[in-house]
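Shown next: query32.cif, containing mmCIF, C-alpha atoms and all ligand atoms.
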data_run
#
loop_
_atom_site.group_PDB
_atom_site.id
_atom_site.type_symbol
_atom_site.label_atom_id
_atom_site.label_comp_id
_atom_site.auth_asym_id
_atom_site.auth_seq_id
_atom_site.Cartn_x
_atom_site.Cartn_y
_atom_site.Cartn_z
ATOM 1 C CA MET E 287 39.251 -36.412 -63.283
ATOM 2 C CA GLY E 288 40.335 -32.810 -63.904
ATOM 3 C CA LEU E 289 39.328 -30.459 -66.636
ATOM 4 C CA ALA E 290 38.776 -31.469 -70.236
ATOM 5 C CA GLN E 291 42.383 -31.083 -71.336
ATOM 6 C CA ASN E 292 41.921 -29.497 -74.680
ATOM 7 C CA ALA E 293 39.280 -26.910 -73.947
ATOM 8 C CA ALA E 294 40.536 -23.944 -76.002
ATOM 9 C CA PRO E 295 43.042 -21.919 -73.939
ATOM 10 C CA ALA E 296 41.841 -18.499 -72.769
ATOM 11 C CA THR E 297 44.443 -16.453 -74.640
ATOM 12 C CA LEU E 298 46.821 -16.942 -77.545
ATOM 13 C CA SER E 299 49.653 -14.757 -78.780
ATOM 14 C CA LEU E 300 49.426 -13.288 -82.246
ATOM 15 C CA GLY E 301 51.940 -15.898 -83.489
ATOM 16 C CA GLN E 302 50.080 -18.828 -81.943
ATOM 17 C CA PHE E 303 46.720 -17.783 -83.344
ATOM 18 C CA SER E 304 48.214 -17.120 -86.797
ATOM 19 C CA ALA E 305 50.116 -20.425 -86.965
ATOM 20 C CA VAL E 306 46.829 -22.350 -86.863
ATOM 21 C CA TYR E 307 44.952 -19.759 -88.966
ATOM 22 C CA ASN E 308 47.587 -19.946 -91.731
ATOM 23 C CA ALA E 309 47.864 -23.747 -91.590
ATOM 24 C CA PHE E 310 44.075 -24.042 -92.105
ATOM 25 C CA SER E 311 44.209 -21.513 -94.916
ATOM 26 C CA LEU E 312 47.008 -23.467 -96.629
ATOM 27 C CA ALA E 313 44.983 -26.669 -96.290
ATOM 28 C CA ILE E 314 41.940 -25.065 -97.981
ATOM 29 C CA ALA E 315 44.125 -23.957 -100.914
ATOM 30 C CA ALA E 316 45.859 -27.361 -101.209
ATOM 31 C CA MET E 317 42.584 -29.320 -101.076
ATOM 32 C CA GLY E 318 40.771 -27.011 -103.548
ATOM 33 C CA ALA E 319 43.557 -26.879 -106.121
ATOM 34 C CA SER E 320 44.254 -30.606 -105.964
ATOM 35 C CA ALA E 321 40.521 -31.360 -106.383
ATOM 36 C CA VAL E 322 40.572 -29.486 -109.697
ATOM 37 C CA PHE E 323 43.753 -31.310 -110.729
ATOM 38 C CA PHE E 324 42.427 -34.814 -109.912
ATOM 39 C CA PHE E 325 39.089 -34.296 -111.666
ATOM 40 C CA VAL E 326 40.702 -32.744 -114.764
ATOM 41 C CA SER E 327 43.477 -35.385 -114.970
ATOM 42 C CA ARG E 328 41.196 -38.381 -114.786
ATOM 43 C CA SER E 329 40.764 -38.435 -118.576
ATOM 44 C CA SER E 330 44.538 -38.725 -119.130
ATOM 45 C CA VAL E 331 44.756 -42.185 -117.527
ATOM 46 C CA ALA E 332 43.353 -45.494 -118.768
ATOM 47 C CA PRO E 333 39.724 -46.205 -117.717
ATOM 48 C CA LYS E 334 40.663 -48.830 -115.108
ATOM 49 C CA TYR E 335 42.719 -46.288 -113.120
ATOM 50 C CA ARG E 336 40.112 -43.503 -113.317
ATOM 51 C CA ILE E 337 38.357 -44.649 -110.166
ATOM 52 C CA ALA E 338 41.526 -43.873 -108.167
ATOM 53 C CA LEU E 339 41.592 -40.287 -109.468
ATOM 54 C CA VAL E 340 37.875 -39.764 -108.912
ATOM 55 C CA VAL E 341 38.236 -41.034 -105.330
ATOM 56 C CA SER E 342 41.239 -38.716 -104.796
ATOM 57 C CA GLY E 343 39.143 -35.819 -106.084
ATOM 58 C CA LEU E 344 36.299 -36.689 -103.686
ATOM 59 C CA VAL E 345 38.649 -37.006 -100.708
ATOM 60 C CA VAL E 346 40.170 -33.549 -101.208
ATOM 61 C CA THR E 347 36.762 -31.975 -101.949
ATOM 62 C CA ILE E 348 35.342 -33.356 -98.677
ATOM 63 C CA ALA E 349 38.459 -32.242 -96.804
ATOM 64 C CA GLY E 350 38.386 -28.769 -98.416
ATOM 65 C CA TYR E 351 34.827 -28.292 -97.185
ATOM 66 C CA HIS E 352 35.721 -29.419 -93.667
ATOM 67 C CA TYR E 353 38.772 -27.151 -93.543
ATOM 68 C CA LEU E 354 36.543 -24.202 -94.488
ATOM 69 C CA ARG E 355 34.309 -25.054 -91.521
ATOM 70 C CA ILE E 356 37.278 -25.634 -89.168
ATOM 71 C CA PHE E 357 38.859 -22.360 -90.315
ATOM 72 C CA ASN E 358 35.651 -20.414 -89.618
ATOM 73 C CA SER E 359 35.252 -22.084 -86.240
ATOM 74 C CA TRP E 360 38.837 -21.156 -85.263
ATOM 75 C CA ASP E 361 38.347 -17.585 -86.453
ATOM 76 C CA ALA E 362 35.125 -17.243 -84.446
ATOM 77 C CA ALA E 363 36.614 -18.740 -81.264
ATOM 78 C CA TYR E 364 39.000 -15.796 -80.637
ATOM 79 C CA VAL E 365 38.889 -12.002 -80.720
ATOM 80 C CA LEU E 366 41.887 -9.679 -80.872
ATOM 81 C CA LYS E 367 42.045 -7.578 -77.694
ATOM 82 C CA ASP E 368 45.022 -5.453 -76.622
ATOM 83 C CA GLY E 369 47.450 -7.322 -78.877
ATOM 84 C CA VAL E 370 46.466 -10.863 -77.763
ATOM 85 C CA TYR E 371 43.794 -13.238 -78.966
ATOM 86 C CA ALA E 372 41.234 -13.780 -76.222
ATOM 87 C CA SER E 373 38.575 -16.484 -76.216
ATOM 88 C CA SER E 374 35.365 -15.113 -77.732
ATOM 89 C CA GLY E 375 33.201 -17.520 -75.769
ATOM 90 C CA GLN E 376 32.372 -19.547 -78.887
ATOM 91 C CA PRO E 377 33.885 -23.031 -78.659
ATOM 92 C CA PHE E 378 36.344 -24.253 -81.303
ATOM 93 C CA ASN E 379 34.699 -27.263 -82.939
ATOM 94 C CA ASP E 380 37.201 -30.025 -83.559
ATOM 95 C CA ALA E 381 34.573 -32.632 -84.412
ATOM 96 C CA TYR E 382 34.681 -31.613 -88.099
ATOM 97 C CA ARG E 383 38.072 -33.276 -88.269
ATOM 98 C CA TYR E 384 36.825 -36.618 -86.994
ATOM 99 C CA VAL E 385 33.773 -36.466 -89.273
ATOM 100 C CA ASP E 386 36.180 -35.723 -92.120
ATOM 101 C CA TRP E 387 38.374 -38.723 -91.303
ATOM 102 C CA PHE E 388 35.352 -40.948 -90.959
ATOM 103 C CA LEU E 389 34.505 -40.227 -94.608
ATOM 104 C CA THR E 390 37.956 -39.766 -96.149
ATOM 105 C CA VAL E 391 39.978 -42.557 -94.527
ATOM 106 C CA PRO E 392 37.860 -45.384 -96.037
ATOM 107 C CA LEU E 393 38.005 -43.572 -99.396
ATOM 108 C CA LEU E 394 41.804 -43.257 -99.193
ATOM 109 C CA LEU E 395 42.053 -46.959 -98.399
ATOM 110 C CA LEU E 396 39.821 -47.727 -101.378
ATOM 111 C CA GLU E 397 42.068 -45.585 -103.571
ATOM 112 C CA THR E 398 45.188 -47.368 -102.338
ATOM 113 C CA VAL E 399 43.696 -50.777 -103.053
ATOM 114 C CA ALA E 400 42.532 -49.543 -106.489
ATOM 115 C CA VAL E 401 46.058 -48.625 -107.573
ATOM 116 C CA LEU E 402 47.411 -51.919 -106.248
ATOM 117 C CA GLY E 403 45.614 -53.633 -109.110
ATOM 118 C CA LEU E 404 44.779 -56.825 -107.165
ATOM 119 C CA PRO E 405 42.316 -59.472 -108.397
ATOM 120 C CA ALA E 406 38.709 -58.471 -107.499
ATOM 121 C CA VAL E 407 38.114 -61.119 -104.795
ATOM 122 C CA GLN E 408 41.318 -60.231 -102.977
ATOM 123 C CA SER E 409 40.595 -56.482 -103.260
ATOM 124 C CA ARG E 410 37.123 -56.881 -101.804
ATOM 125 C CA SER E 411 38.239 -58.791 -98.734
ATOM 126 C CA LEU E 412 41.134 -56.390 -98.161
ATOM 127 C CA ILE E 413 38.858 -53.332 -98.468
ATOM 128 C CA TRP E 414 36.378 -54.733 -95.920
ATOM 129 C CA ARG E 415 39.044 -55.425 -93.342
ATOM 130 C CA LEU E 416 40.614 -51.990 -93.863
ATOM 131 C CA VAL E 417 37.317 -50.085 -93.744
ATOM 132 C CA ILE E 418 36.129 -51.762 -90.536
ATOM 133 C CA ALA E 419 39.492 -51.220 -88.846
ATOM 134 C CA SER E 420 39.601 -47.549 -89.909
ATOM 135 C CA ALA E 421 36.092 -46.878 -88.566
ATOM 136 C CA LEU E 422 37.122 -48.437 -85.233
ATOM 137 C CA MET E 423 40.339 -46.397 -85.139
ATOM 138 C CA ILE E 424 38.469 -43.099 -85.555
ATOM 139 C CA VAL E 425 35.515 -43.888 -83.293
ATOM 140 C CA LEU E 426 37.865 -44.997 -80.496
ATOM 141 C CA GLY E 427 40.114 -41.923 -80.906
ATOM 142 C CA TYR E 428 37.432 -39.239 -80.548
ATOM 143 C CA PRO E 429 36.409 -39.684 -76.866
ATOM 144 C CA GLY E 430 40.071 -39.205 -75.943
ATOM 145 C CA GLU E 431 40.251 -35.980 -77.939
ATOM 146 C CA VAL E 432 37.540 -34.310 -75.871
ATOM 147 C CA GLY E 433 38.027 -36.012 -72.478
ATOM 148 C CA THR E 434 40.548 -35.807 -69.657
ATOM 149 C CA LEU E 435 44.234 -36.648 -70.073
ATOM 150 C CA THR E 436 43.620 -40.105 -68.601
ATOM 151 C CA ALA E 437 40.831 -40.676 -71.127
ATOM 152 C CA ARG E 438 43.118 -39.428 -73.896
ATOM 153 C CA PHE E 439 45.696 -42.043 -72.963
ATOM 154 C CA TRP E 440 43.344 -45.059 -72.809
ATOM 155 C CA TRP E 441 41.202 -44.208 -75.847
ATOM 156 C CA GLY E 442 44.391 -43.359 -77.777
ATOM 157 C CA LEU E 443 45.830 -46.747 -76.876
ATOM 158 C CA ALA E 444 42.618 -48.530 -77.954
ATOM 159 C CA SER E 445 42.614 -46.640 -81.263
ATOM 160 C CA THR E 446 46.245 -47.629 -81.881
ATOM 161 C CA VAL E 447 45.275 -51.326 -82.123
ATOM 162 C CA PRO E 448 43.262 -51.001 -85.396
ATOM 163 C CA PHE E 449 45.823 -48.388 -86.562
ATOM 164 C CA VAL E 450 48.693 -50.877 -86.309
ATOM 165 C CA TYR E 451 46.542 -53.556 -87.979
ATOM 166 C CA ILE E 452 45.859 -51.225 -90.968
ATOM 167 C CA LEU E 453 49.534 -50.327 -91.383
ATOM 168 C CA TRP E 454 50.579 -53.970 -91.098
ATOM 169 C CA LEU E 455 48.028 -55.048 -93.737
ATOM 170 C CA LEU E 456 48.894 -52.257 -96.166
ATOM 171 C CA TRP E 457 52.648 -52.549 -95.699
ATOM 172 C CA GLY E 458 52.502 -56.191 -96.719
ATOM 173 C CA GLU E 459 50.097 -55.704 -99.607
ATOM 174 C CA LEU E 460 51.889 -52.635 -100.981
ATOM 175 C CA GLY E 461 55.194 -54.455 -100.767
ATOM 176 C CA GLN E 462 53.846 -57.502 -102.618
ATOM 177 C CA ALA E 463 52.138 -55.337 -105.236
ATOM 178 C CA ALA E 464 55.370 -53.396 -105.794
ATOM 179 C CA SER E 465 57.321 -56.575 -106.442
ATOM 180 C CA ARG E 466 54.907 -57.472 -109.282
ATOM 181 C CA GLN E 467 55.395 -54.123 -111.048
ATOM 182 C CA LYS E 468 57.879 -52.904 -113.634
ATOM 183 C CA PRO E 469 60.848 -50.930 -112.180
ATOM 184 C CA GLU E 470 59.406 -47.436 -112.769
ATOM 185 C CA VAL E 471 56.175 -48.250 -110.950
ATOM 186 C CA GLN E 472 58.107 -50.076 -108.230
ATOM 187 C CA LEU E 473 59.770 -46.827 -107.232
ATOM 188 C CA TYR E 474 56.406 -45.056 -106.936
ATOM 189 C CA SER E 475 54.897 -47.956 -104.979
ATOM 190 C CA ARG E 476 57.820 -47.857 -102.585
ATOM 191 C CA ASN E 477 57.385 -44.089 -102.164
ATOM 192 C CA MET E 478 53.677 -44.612 -101.582
ATOM 193 C CA LYS E 479 54.467 -47.080 -98.816
ATOM 194 C CA LEU E 480 56.857 -44.626 -97.157
ATOM 195 C CA LEU E 481 54.494 -41.659 -97.533
ATOM 196 C CA LEU E 482 51.675 -43.689 -96.025
ATOM 197 C CA LEU E 483 53.750 -44.659 -93.006
ATOM 198 C CA PHE E 484 55.161 -41.159 -92.578
ATOM 199 C CA SER E 485 51.895 -39.212 -92.992
ATOM 200 C CA TRP E 486 49.708 -41.617 -90.962
ATOM 201 C CA GLY E 487 52.372 -41.693 -88.277
ATOM 202 C CA VAL E 488 52.013 -37.942 -87.698
ATOM 203 C CA TYR E 489 48.395 -38.273 -86.444
ATOM 204 C CA PRO E 490 49.079 -40.304 -83.291
ATOM 205 C CA ILE E 491 52.156 -38.151 -82.573
ATOM 206 C CA ALA E 492 50.076 -34.935 -82.736
ATOM 207 C CA TYR E 493 47.393 -36.616 -80.599
ATOM 208 C CA ALA E 494 49.983 -37.613 -78.007
ATOM 209 C CA LEU E 495 51.478 -34.098 -77.567
ATOM 210 C CA PRO E 496 49.281 -33.221 -74.545
ATOM 211 C CA LEU E 497 50.321 -36.549 -72.982
ATOM 212 C CA LEU E 498 53.987 -35.707 -73.409
ATOM 213 C CA GLY E 499 53.825 -32.774 -71.020
ATOM 214 C CA ILE E 500 53.079 -30.130 -73.655
ATOM 215 C CA THR E 501 50.214 -28.148 -72.158
ATOM 216 C CA GLY E 502 47.935 -25.160 -72.701
ATOM 217 C CA ALA E 503 48.192 -23.109 -75.871
ATOM 218 C CA SER E 504 51.278 -24.950 -77.215
ATOM 219 C CA SER E 505 49.502 -28.278 -77.106
ATOM 220 C CA VAL E 506 46.410 -26.975 -78.925
ATOM 221 C CA ILE E 507 48.600 -25.353 -81.593
ATOM 222 C CA GLY E 508 50.799 -28.458 -81.938
ATOM 223 C CA VAL E 509 47.813 -30.779 -82.324
ATOM 224 C CA GLN E 510 46.077 -28.575 -84.928
ATOM 225 C CA VAL E 511 49.169 -27.798 -87.022
ATOM 226 C CA GLY E 512 50.294 -31.448 -86.790
ATOM 227 C CA TYR E 513 46.956 -32.840 -88.017
ATOM 228 C CA THR E 514 46.876 -30.240 -90.817
ATOM 229 C CA ILE E 515 50.350 -31.128 -92.125
ATOM 230 C CA ALA E 516 49.472 -34.827 -91.951
ATOM 231 C CA ASP E 517 46.211 -34.200 -93.857
ATOM 232 C CA ILE E 518 48.030 -32.356 -96.666
ATOM 233 C CA LEU E 519 50.493 -35.255 -96.986
ATOM 234 C CA ALA E 520 47.871 -38.014 -96.701
ATOM 235 C CA LYS E 521 45.375 -36.513 -99.178
ATOM 236 C CA PRO E 522 46.739 -34.205 -101.951
ATOM 237 C CA VAL E 523 50.374 -35.425 -101.908
ATOM 238 C CA PHE E 524 49.303 -39.081 -101.660
ATOM 239 C CA GLY E 525 46.826 -38.488 -104.516
ATOM 240 C CA ILE E 526 49.584 -37.086 -106.724
ATOM 241 C CA LEU E 527 51.607 -40.263 -106.155
ATOM 242 C CA ALA E 528 48.563 -42.372 -107.046
ATOM 243 C CA TYR E 529 48.240 -40.254 -110.215
ATOM 244 C CA ALA E 530 51.928 -40.840 -111.043
ATOM 245 C CA ILE E 531 51.380 -44.600 -110.718
ATOM 246 C CA ALA E 532 48.209 -44.482 -112.834
ATOM 247 C CA ILE E 533 49.798 -42.466 -115.652
ATOM 248 C CA THR E 534 52.942 -44.637 -115.679
ATOM 249 C CA LYS E 535 50.875 -47.826 -115.838
ATOM 250 C CA THR E 536 48.721 -46.298 -118.593
ATOM 251 C CA ARG E 537 51.851 -45.641 -120.677
ATOM 252 C CA GLN E 538 53.102 -49.163 -120.024
ATOM 253 C CA ASP E 539 49.735 -50.716 -120.919
ATOM 254 C CA LEU E 540 49.724 -48.769 -124.190
ATOM 255 C CA GLY E 541 53.373 -49.661 -124.870
ATOM 256 C CA LEU E 542 54.359 -45.969 -125.065
ATOM 257 C CA GLY E 543 57.874 -44.585 -124.609
ATOM 258 C CA GLU E 544 58.872 -41.631 -122.360
ATOM 259 C CA ASP E 545 58.179 -38.938 -124.965
ATOM 260 C CA ASP E 546 55.092 -40.345 -126.665
ATOM 261 C CA GLU E 547 51.870 -38.537 -126.049
ATOM 262 C CA VAL E 548 49.008 -40.394 -124.334
ATOM 263 C CA VAL E 549 45.889 -40.152 -126.490
ATOM 264 C CA LEU E 550 42.740 -41.451 -124.820
ATOM 265 C CA THR E 551 39.079 -40.882 -125.451
ATOM 266 C CA PRO E 552 38.171 -38.149 -122.969
ATOM 267 C CA ARG E 553 34.719 -39.504 -122.167
ATOM 268 C CA GLY E 554 35.429 -43.215 -121.803
ATOM 269 C CA GLY E 555 34.994 -44.920 -118.416
ATOM 270 C CA LEU E 556 34.414 -42.956 -115.239
HETATM 271 C C1 LIG E 601 43.977 -41.046 -83.590
HETATM 272 C C2 LIG E 601 43.803 -41.279 -82.096
HETATM 273 C C3 LIG E 601 45.057 -41.680 -81.434
HETATM 274 C C4 LIG E 601 45.605 -42.960 -81.962
HETATM 275 C C5 LIG E 601 45.616 -42.978 -83.447
HETATM 276 C C6 LIG E 601 44.904 -42.077 -84.211
HETATM 277 C C7 LIG E 601 45.107 -42.174 -85.667
HETATM 278 C C8 LIG E 601 44.620 -41.406 -86.610
HETATM 279 C C9 LIG E 601 44.897 -41.539 -88.003
HETATM 280 C C10 LIG E 601 44.197 -40.766 -88.850
HETATM 281 C C11 LIG E 601 44.358 -40.741 -90.244
HETATM 282 C C12 LIG E 601 43.699 -39.892 -90.961
HETATM 283 C C13 LIG E 601 43.827 -39.729 -92.364
HETATM 284 C C14 LIG E 601 43.063 -38.797 -92.903
HETATM 285 C C15 LIG E 601 43.113 -38.471 -94.265
HETATM 286 O O1 LIG E 601 42.152 -38.261 -94.925
HETATM 287 C C16 LIG E 601 42.566 -41.180 -84.146
HETATM 288 C C17 LIG E 601 44.490 -39.626 -83.784
HETATM 289 C C18 LIG E 601 46.459 -44.072 -84.055
HETATM 290 C C19 LIG E 601 45.911 -42.489 -88.486
HETATM 291 C C20 LIG E 601 44.749 -40.550 -93.170
#

As a first step, turn the structure in this file into structure tokens.
Amino acid sequence: MGLAQNAAPATLSLGQFSAVYNAFSLAIAAMGASAVFFFVSRSSVAPKYRIALVVSGLVVTIAGYHYLRIFNSWDAAYVLKDGVYASSGQPFNDAYRYVDWFLTVPLLLLETVAVLGLPAVQSRSLIWRLVIASALMIVLGYPGEVGTLTARFWWGLASTVPFVYILWLLWGELGQAASRQKPEVQLYSRNMKLLLLFSWGVYPIAYALPLLGITGASSVIGVQVGYTIADILAKPVFGILAYAIAITKTRQDLGLGEDDEVVLTPRGGL
């Protein structure tokens, strides 16, 4: 029924075009700079936490690449004519985003489980359940992104089932893990739980905008800017929290005080 609802609108104002253009540009900078930070910082945490930093670095590198492609696609989809941005005839390719999630969401889940510090058997079973549910969530969401409004509703609803399952699993596990930690780490674990809920919650809200009566250019802009903000929170900001947990646990494991310097062998471990 009807037209594909999110075919790029024919014209955008200067402000509308730039809002998305600048959000994508900010995302490229955030992903690139945080990739350098995560890779460089991995030698300042104990070997068992290095995997979390390496995974963070990979996530933001993959996302940085995809944002470069998304940015170029957006730029090519419009041309400035008489003070407004008119469609150039080249389609805006939103599939990069779903490909990006397909790779980065399982990695983010792996990172989260890695900083939880659970026994290996428990970690493995948790990771499997999370990875399968996240693949289902993304695969079920995509047809709704490119279909009619009715399709958007039903696929969105189907995708919400594994989404709720993931949040329910992680909320419980993060809560239990936090209660086993020393007070300093407990605060970070609690913040991680809140950031996870807050940032992941933005995705379905952005997806639902066209269903809430927001149409045309505003809906395309809302969806793109919403996903971009959520991605910056869920990848670089989340990674910094994981780093804070790893460095705090490293200090605790070494029995160091607040002002002592951490001295580790730079090449040990990962
Ligand atoms: C979709 C479709 C509509 C319903 C739901 C969705 C959830 C998407 C999420 C994406 C998370 C992505 C992350 C990326 C970071 O690398 C697919 C929009 C629930 C939660 C964390």

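Reported to one decimal place, the separation of CA of Pro377 in chain E from CA of Ser359 in chain E is 7.8 Å.
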
Polymer residues at most 8 Å from range 471-481 of chain E, only C-alpha atoms, same-chain spacing of 2 or more positions, as an MDAnalysis selection string: chainID E and resid 457 460:461 463:465 467:469 483:485 519:520 524 527:528 530:531 534:535

Writer output for current selection, C-alpha atoms, as an mmCIF file, keeping the file's coordinate frame:
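Produced file out-v4.cif, reproduced below:
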data_model
loop_
_atom_site.group_PDB
_atom_site.id
_atom_site.type_symbol
_atom_site.label_atom_id
_atom_site.label_comp_id
_atom_site.auth_asym_id
_atom_site.auth_seq_id
_atom_site.Cartn_x
_atom_site.Cartn_y
_atom_site.Cartn_z
ATOM 1 C CA TRP E 457 52.648 -52.549 -95.699
ATOM 2 C CA LEU E 460 51.889 -52.635 -100.981
ATOM 3 C CA GLY E 461 55.194 -54.455 -100.767
ATOM 4 C CA ALA E 463 52.138 -55.337 -105.236
ATOM 5 C CA ALA E 464 55.370 -53.396 -105.794
ATOM 6 C CA SER E 465 57.321 -56.575 -106.442
ATOM 7 C CA GLN E 467 55.395 -54.123 -111.048
ATOM 8 C CA LYS E 468 57.879 -52.904 -113.634
ATOM 9 C CA PRO E 469 60.848 -50.930 -112.180
ATOM 10 C CA LEU E 483 53.750 -44.659 -93.006
ATOM 11 C CA PHE E 484 55.161 -41.159 -92.578
ATOM 12 C CA SER E 485 51.895 -39.212 -92.992
ATOM 13 C CA LEU E 519 50.493 -35.255 -96.986
ATOM 14 C CA ALA E 520 47.871 -38.014 -96.701
ATOM 15 C CA PHE E 524 49.303 -39.081 -101.660
ATOM 16 C CA LEU E 527 51.607 -40.263 -106.155
ATOM 17 C CA ALA E 528 48.563 -42.372 -107.046
ATOM 18 C CA ALA E 530 51.928 -40.840 -111.043
ATOM 19 C CA ILE E 531 51.380 -44.600 -110.718
ATOM 20 C CA THR E 534 52.942 -44.637 -115.679
ATOM 21 C CA LYS E 535 50.875 -47.826 -115.838
#

May I have a table of the residues of range 346-395 of chain E lying at most 10 Å from range 503-518 of chain E, giving each one's closest pair of atoms and their distance in Å to one decimal, counting all atoms listed in the file, ordered by chain and ascending residue number, as a Markdown table?
| residue | atom | partner | partner_atom | distance |
| --- | --- | --- | --- | --- |
| E:Val346 | CA | E:Ile518 | CA | 9.2 |
| E:Ala349 | CA | E:Asp517 | CA | 8.5 |
| E:Tyr353 | CA | E:Thr514 | CA | 9.1 |
| E:Asp380 | CA | E:Gln510 | CA | 9.1 |
| E:Arg383 | CA | E:Tyr513 | CA | 8.9 |
| E:Trp387 | CA | E:Asp517 | CA | 9.4 |

Near ligand LIG 601 (chain E), 6 Å: chain E residue rows, closest pairs, only C-alpha atoms and all ligand atoms, as CSV:
residue,atom,partner,partner_atom,distance
E:Trp387,CA,E:LIG601,C14,5.0
E:Thr390,CA,E:LIG601,O1,4.6
E:Val391,CA,E:LIG601,O1,4.8
E:Met423,CA,E:LIG601,C16,5.8
E:Ile424,CA,E:LIG601,C16,4.7
E:Gly427,CA,E:LIG601,C2,3.9
E:Gly442,CA,E:LIG601,C3,4.1
E:Ser445,CA,E:LIG601,C4,4.8
E:Thr446,CA,E:LIG601,C18,4.2
E:Phe449,CA,E:LIG601,C18,5.0
E:Trp486,CA,E:LIG601,C19,4.6
E:Tyr489,CA,E:LIG601,C8,4.9
E:Pro490,CA,E:LIG601,C5,4.4
E:Tyr493,CA,E:LIG601,C17,5.3
E:Asp517,CA,E:LIG601,C15,5.3
E:Ala520,CA,E:LIG601,C20,5.4
E:Lys521,CA,E:LIG601,O1,5.6

Keeping C-alpha atoms, export the residues of the selection given above as a PDB file, in the coordinates of the input.
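To be explicit, this is the file written out as part27.pdb:
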ATOM      1  CA  TRP E 387      38.374 -38.723 -91.303  1.00  0.00           C
ATOM      2  CA  THR E 390      37.956 -39.766 -96.149  1.00  0.00           C
ATOM      3  CA  VAL E 391      39.978 -42.557 -94.527  1.00  0.00           C
ATOM      4  CA  MET E 423      40.339 -46.397 -85.139  1.00  0.00           C
ATOM      5  CA  ILE E 424      38.469 -43.099 -85.555  1.00  0.00           C
ATOM      6  CA  GLY E 427      40.114 -41.923 -80.906  1.00  0.00           C
ATOM      7  CA  GLY E 442      44.391 -43.359 -77.777  1.00  0.00           C
ATOM      8  CA  SER E 445      42.614 -46.640 -81.263  1.00  0.00           C
ATOM      9  CA  THR E 446      46.245 -47.629 -81.881  1.00  0.00           C
ATOM     10  CA  PHE E 449      45.823 -48.388 -86.562  1.00  0.00           C
ATOM     11  CA  TRP E 486      49.708 -41.617 -90.962  1.00  0.00           C
ATOM     12  CA  TYR E 489      48.395 -38.273 -86.444  1.00  0.00           C
ATOM     13  CA  PRO E 490      49.079 -40.304 -83.291  1.00  0.00           C
ATOM     14  CA  TYR E 493      47.393 -36.616 -80.599  1.00  0.00           C
ATOM     15  CA  ASP E 517      46.211 -34.200 -93.857  1.00  0.00           C
ATOM     16  CA  ALA E 520      47.871 -38.014 -96.701  1.00  0.00           C
ATOM     17  CA  LYS E 521      45.375 -36.513 -99.178  1.00  0.00           C
TER      18      LYS E 521
END

task: Could you check which of E:Val331, E:Glu431, E:Phe357, E:Thr501 is closest to Asn308 in chain E, using only C-alpha atoms?
output: E:Phe357

- request: Using all atoms listed in the file, determine which residues lie at most 12 Å from Ala338 in chain E, disregarding the query and same-chain residues fewer than 6 positions distant; provide the list as a ChimeraX atom specification.
  value: /E:324-325,327-329,331-332,344-345,393-403,524-533,556

Counting all atoms listed in the file, the residue of E:Val432, E:Leu497, E:Val407, E:Leu389 that sits nearest Ser420 in chain E: E:Leu389

field: Atomic distance CA of Asp361 in chain E - CA of Tyr428 in chain E, expressed in Å with one decimal
entry: 22.5 Å

message: I want to know what sits within 12 Å of Ser304 in chain E, based on all atoms listed in the file, with residues of the same chain fewer than 2 positions away left out; could you give that as number ranges by chain?
response: E: 298-302, 306-312, 357, 360-361, 364, 366, 370-371, 507, 510-511

query: Where does the PyMOL selection byres (((chain E and resi 547) around 12) and not hetatm) land in this file, that is, which residues does it pick, as a PyMOL selection string?
result: chain E and resi 330-331+533+536-537+540-546+548-550

field: 10 Å contact set for Val365 in chain E, all atoms listed in the file, chain neighbours under 6 positions out, as a list of chain:residue names
entry: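 Result of the neighbour search: E:Thr297, E:Leu298, E:Tyr371, E:Ala372, E:Ser373, E:Ser374, E:Gly375.
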
field: Interatomic distance (Å, one decimal) between CA of Gln462 in chain E and CA of Phe388 in chain E
entry: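 Straight-line distance from CA of Gln462 in chain E to CA of Phe388 in chain E works out to 27.4 Å.
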